[in-house]
Amino acid sequence: QQQRVAAPAQQPVYADAVPHPYGAPVQVDIIISEWMGYFLLYESMLDTVIYARDKWLVAGGLVLPDQCTLSLCAIEDGQYRNDKIDFWDNVYGFNMRCIKELAMAEPLVDTVEPNQVCSDSCRLKKFDITQMSKEDATFSAPFSLTVQRWDVQPTAASGSQRSGTSMQNVNDRVKFVVCP
C-alpha cells in the first residue's frame, strides 16, 4: 500500500495531469506561488494561479500571497537620462534625435534607490487573489502625484504582494515586494 501511494507522489506534477493514487480529482489546501511580473502584472503568471485556485483549491483553502497592490510614484534619474536618452542628441558627432523618441517610449525595469523618489506614492489598484478573476487584472485607474522635488524625470511603478492569511504555526505576515 505504501509503495502504491509513494510512487505517484514521486513523479513530476503537470497542470492537467496531477497523479493521484486512486484516480480521484485532486484538491489542495494551499497554493503558494511567486507569480509577479514586471510592474506586478506585466508578464506575470497570475492567470495560472487563478486557474489553479479555481480548479484545485478546496473551499476555505489558502492562496499565498493572497493580496497585492499596484502603486506609482515619480523618480529622478538624471544619470540614466544622460546615458540612455540624451545620448541620442550626439552619437559620435551624429544627430540621432529621431531615436530619442523610441528610447523614451521603451519601458525600463531597474532598481530605484530611495533618494531617487521625488513624489508621494499613489495606489492604483488592490487585488484580492482569493476572489479576483483574470479579467480584474485589466483596468484603468486615475491617479495624482504630489511632487516634492522639481528634478523629476521618469515615473516609477511598484507592485507588492502579501499574505494577510493566518496559518497554523505562522505568526508573521509574509511579504514580497517589488518597489522603488
# chains A, B, ... in the order shown; residues from 1 in each chain; ligands from 1

$ closest_atom_pairs --of "region 94-150 of chain A" --to "region 47-61 of chain A" --cutoff "8 Å" --atoms "only C-alpha atoms" --output "JSON lines"
{"residue": "A:Ile129", "atom": "CA", "partner": "A:Ile50", "partner_atom": "CA", "distance": 7.5}
{"residue": "A:Thr130", "atom": "CA", "partner": "A:Arg53", "partner_atom": "CA", "distance": 7.8}
{"residue": "A:Met132", "atom": "CA", "partner": "A:Ile50", "partner_atom": "CA", "distance": 7.8}
{"residue": "A:Ser133", "atom": "CA", "partner": "A:Ile50", "partner_atom": "CA", "distance": 7.0}
{"residue": "A:Lys134", "atom": "CA", "partner": "A:Asp47", "partner_atom": "CA", "distance": 5.7}

$ write_last_selection --atoms "all heavy atoms" --output "compact mmCIF listing (two decimals), in the first residue's frame"
# COMPACT_ATOMS: atom_id res chain seq x y z
N ILE A 129 -6.38 38.09 -4.32
CA ILE A 129 -6.10 36.94 -5.19
C ILE A 129 -7.07 35.79 -4.91
O ILE A 129 -7.35 34.99 -5.79
CB ILE A 129 -4.64 36.47 -5.02
CG1 ILE A 129 -3.66 37.64 -5.16
CG2 ILE A 129 -4.30 35.35 -5.99
CD1 ILE A 129 -3.77 38.40 -6.45
N THR A 130 -7.63 35.75 -3.71
CA THR A 130 -8.56 34.67 -3.38
C THR A 130 -9.91 34.85 -4.07
O THR A 130 -10.67 33.88 -4.18
CB THR A 130 -8.79 34.58 -1.85
OG1 THR A 130 -9.43 35.77 -1.39
CG2 THR A 130 -7.48 34.36 -1.11
N MET A 132 -10.41 37.38 -6.99
CA MET A 132 -10.39 38.07 -8.28
C MET A 132 -10.52 37.12 -9.47
O MET A 132 -10.22 35.93 -9.35
CB MET A 132 -9.12 38.91 -8.41
CG MET A 132 -7.85 38.12 -8.64
SD MET A 132 -6.40 39.17 -8.83
CE MET A 132 -6.68 39.89 -10.44
N SER A 133 -10.94 37.68 -10.58
CA SER A 133 -10.98 36.94 -11.83
C SER A 133 -9.81 37.40 -12.70
O SER A 133 -9.20 38.43 -12.42
CB SER A 133 -12.30 37.18 -12.57
OG SER A 133 -12.34 38.51 -13.06
N LYS A 134 -9.54 36.66 -13.74
CA LYS A 134 -8.47 37.03 -14.67
C LYS A 134 -8.74 38.41 -15.28
O LYS A 134 -7.83 39.22 -15.47
CB LYS A 134 -8.38 35.96 -15.76
CG LYS A 134 -7.34 36.19 -16.80
CD LYS A 134 -7.35 35.05 -17.81
CE LYS A 134 -6.49 35.37 -19.00
NZ LYS A 134 -6.53 34.31 -20.01

$ select_by_dssp --residues "region 5-154 of chain A" --states "strand (DSSP E or B)" --output "tab-separated table (two decimals) with N, CA, C and O atoms, in the first residue's frame"
chain	number	residue	atom	x	y	z
A	28	VAL	N	-6.34	20.66	-3.29
A	28	VAL	CA	-5.23	21.08	-2.45
A	28	VAL	C	-5.72	22.08	-1.41
A	28	VAL	O	-6.71	22.77	-1.61
A	29	ASP	N	-5.01	22.13	-0.29
A	29	ASP	CA	-5.37	23.03	0.81
A	29	ASP	C	-4.72	24.41	0.68
A	29	ASP	O	-5.22	25.38	1.24
A	30	ILE	N	-3.60	24.45	-0.04
A	30	ILE	CA	-2.86	25.71	-0.14
A	30	ILE	C	-2.15	25.80	-1.49
A	30	ILE	O	-1.67	24.80	-2.01
A	31	ILE	N	-2.14	27.00	-2.05
A	31	ILE	CA	-1.38	27.28	-3.27
A	31	ILE	C	-0.41	28.39	-2.92
A	31	ILE	O	-0.84	29.47	-2.48
A	32	ILE	N	0.87	28.14	-3.10
A	32	ILE	CA	1.91	29.15	-2.86
A	32	ILE	C	2.61	29.39	-4.19
A	32	ILE	O	3.09	28.46	-4.81
A	37	GLY	N	5.09	39.64	-12.15
A	37	GLY	CA	5.86	40.06	-13.31
A	37	GLY	C	6.33	41.49	-13.08
A	37	GLY	O	6.18	42.05	-12.00
A	38	TYR	N	6.87	42.09	-14.11
A	38	TYR	CA	7.27	43.50	-14.04
A	38	TYR	C	6.04	44.34	-13.79
A	38	TYR	O	4.98	44.10	-14.37
A	40	LEU	N	4.20	44.30	-11.44
A	40	LEU	CA	3.29	43.32	-10.84
A	40	LEU	C	2.58	42.44	-11.87
A	40	LEU	O	2.64	41.23	-11.77
A	42	TYR	N	2.68	42.73	-15.59
A	42	TYR	CA	3.24	42.52	-16.92
A	42	TYR	C	4.07	41.25	-16.94
A	42	TYR	O	4.97	41.08	-16.12
A	57	LEU	N	-8.23	24.21	-5.60
A	57	LEU	CA	-8.23	24.64	-4.20
A	57	LEU	C	-9.53	24.24	-3.51
A	57	LEU	O	-10.62	24.51	-4.03
A	58	VAL	N	-9.41	23.62	-2.35
A	58	VAL	CA	-10.59	23.25	-1.57
A	58	VAL	C	-11.27	24.51	-1.06
A	58	VAL	O	-10.64	25.55	-0.91
A	59	ALA	N	-12.55	24.41	-0.76
A	59	ALA	CA	-13.28	25.54	-0.17
A	59	ALA	C	-12.60	25.92	1.14
A	59	ALA	O	-12.30	25.05	1.96
A	60	GLY	N	-12.32	27.19	1.32
A	60	GLY	CA	-11.63	27.65	2.53
A	60	GLY	C	-10.12	27.48	2.47
A	60	GLY	O	-9.42	27.79	3.43
A	61	GLY	N	-9.58	27.01	1.34
A	61	GLY	CA	-8.13	26.84	1.20
A	61	GLY	C	-7.42	28.18	1.10
A	61	GLY	O	-8.04	29.23	0.95
A	62	LEU	N	-6.10	28.13	1.19
A	62	LEU	CA	-5.29	29.34	1.19
A	62	LEU	C	-4.56	29.55	-0.13
A	62	LEU	O	-4.09	28.59	-0.73
A	63	VAL	N	-4.49	30.79	-0.56
A	63	VAL	CA	-3.66	31.20	-1.69
A	63	VAL	C	-2.66	32.20	-1.12
A	63	VAL	O	-3.06	33.20	-0.51
A	64	LEU	N	-1.38	31.92	-1.28
A	64	LEU	CA	-0.35	32.81	-0.75
A	64	LEU	C	0.60	33.24	-1.85
A	64	LEU	O	1.07	32.38	-2.59
A	67	GLN	N	-3.01	38.87	-1.33
A	67	GLN	CA	-3.34	40.24	-1.67
A	67	GLN	C	-2.17	40.88	-2.40
A	67	GLN	O	-1.02	40.53	-2.14
A	68	CYS	N	-2.46	41.83	-3.27
A	68	CYS	CA	-1.38	42.59	-3.91
A	68	CYS	C	-1.87	43.99	-4.22
A	68	CYS	O	-3.07	44.22	-4.36
A	69	THR	N	-0.93	44.92	-4.28
A	69	THR	CA	-1.24	46.30	-4.60
A	69	THR	C	-0.31	46.81	-5.68
A	69	THR	O	0.84	46.39	-5.75
A	70	LEU	N	-0.82	47.70	-6.50
A	70	LEU	CA	-0.07	48.32	-7.58
A	70	LEU	C	0.00	49.81	-7.28
A	70	LEU	O	-1.04	50.44	-7.10
A	71	SER	N	1.22	50.36	-7.19
A	71	SER	CA	1.41	51.77	-6.83
A	71	SER	C	2.30	52.47	-7.84
A	71	SER	O	3.03	51.83	-8.60
A	72	LEU	N	2.28	53.81	-7.80
A	72	LEU	CA	3.02	54.63	-8.74
A	72	LEU	C	3.66	55.79	-8.00
A	72	LEU	O	3.06	56.32	-7.05
A	73	CYS	N	4.85	56.21	-8.41
A	73	CYS	CA	5.49	57.41	-7.88
A	73	CYS	C	6.41	58.00	-8.94
A	73	CYS	O	6.74	57.33	-9.92
A	74	ALA	N	6.80	59.26	-8.77
A	74	ALA	CA	7.74	59.90	-9.69
A	74	ALA	C	9.15	59.73	-9.14
A	74	ALA	O	9.35	59.72	-7.93
A	75	ILE	N	10.12	59.60	-10.05
A	75	ILE	CA	11.52	59.48	-9.63
A	75	ILE	C	12.39	60.43	-10.44
A	75	ILE	O	11.99	60.94	-11.47
A	91	VAL	N	25.61	61.26	-31.15
A	91	VAL	CA	26.20	59.92	-31.16
A	91	VAL	C	27.47	59.99	-32.01
A	91	VAL	O	27.40	59.94	-33.24
A	94	PHE	N	27.10	62.56	-34.57
A	94	PHE	CA	25.90	62.49	-35.42
A	94	PHE	C	24.65	62.77	-34.60
A	94	PHE	O	24.50	62.26	-33.48
A	117	VAL	N	13.33	58.89	-5.40
A	117	VAL	CA	11.88	59.12	-5.33
A	117	VAL	C	11.62	60.60	-5.09
A	117	VAL	O	12.17	61.20	-4.18
A	119	SER	N	8.26	62.06	-5.29
A	119	SER	CA	6.84	62.36	-5.04
A	119	SER	C	6.28	61.40	-4.01
A	119	SER	O	6.95	60.46	-3.58
A	122	CYS	N	1.08	56.72	-5.02
A	122	CYS	CA	-0.36	56.61	-5.24
A	122	CYS	C	-0.71	55.15	-5.53
A	122	CYS	O	-0.13	54.54	-6.43
A	123	ARG	N	-1.62	54.60	-4.76
A	123	ARG	CA	-2.06	53.23	-5.02
A	123	ARG	C	-3.05	53.23	-6.18
A	123	ARG	O	-4.05	53.93	-6.15
A	124	LEU	N	-2.73	52.45	-7.20
A	124	LEU	CA	-3.59	52.37	-8.38
A	124	LEU	C	-4.68	51.32	-8.22
A	124	LEU	O	-5.81	51.51	-8.64
A	125	LYS	N	-4.30	50.19	-7.62
A	125	LYS	CA	-5.25	49.08	-7.55
A	125	LYS	C	-4.81	48.10	-6.47
A	125	LYS	O	-3.63	47.87	-6.27
A	126	LYS	N	-5.78	47.54	-5.79
A	126	LYS	CA	-5.54	46.48	-4.82
A	126	LYS	C	-6.32	45.25	-5.28
A	126	LYS	O	-7.46	45.37	-5.71
A	127	PHE	N	-5.66	44.11	-5.22
A	127	PHE	CA	-6.28	42.86	-5.67
A	127	PHE	C	-6.38	41.87	-4.51
A	127	PHE	O	-5.46	41.77	-3.71
A	128	ASP	N	-7.46	41.14	-4.46
A	128	ASP	CA	-7.62	40.02	-3.54
A	128	ASP	C	-7.52	38.76	-4.39
A	128	ASP	O	-8.46	38.42	-5.12
A	147	VAL	N	4.45	66.20	-6.31
A	147	VAL	CA	5.89	66.25	-6.49
A	147	VAL	C	6.51	67.00	-5.32
A	147	VAL	O	6.06	68.09	-4.95

$ atom_distance --atom1 "CA of Arg149 (chain A)" --atom2 "CA of Gln116 (chain A)"
9.9 Å

$ atom_distance --atom1 "CA of Lys100 (chain A)" --atom2 "CA of Asp86 (chain A)"
7.4 Å

$ atom_distance --atom1 "CA of Met96 (chain A)" --atom2 "CA of Leu108 (chain A)"
20.3 Å

$ closest_residue --among "A:Ser121, A:Ile85, A:Glu135, A:Gly78" --to "Ala105 (chain A)" --atoms "only C-alpha atoms"
A:Ile85

$ select_by_dssp --residues "region 36-133 of chain A" --states "helix (DSSP H, G or I)" --output "PyMOL selection string"
chain A and resi 46-56+78-89+97-105+114-116

$ closest_residue --among "A:Ala137, A:Ala103, A:Val26, A:Cys98" --to "Leu46 (chain A)" --atoms "only C-alpha atoms"
A:Ala137
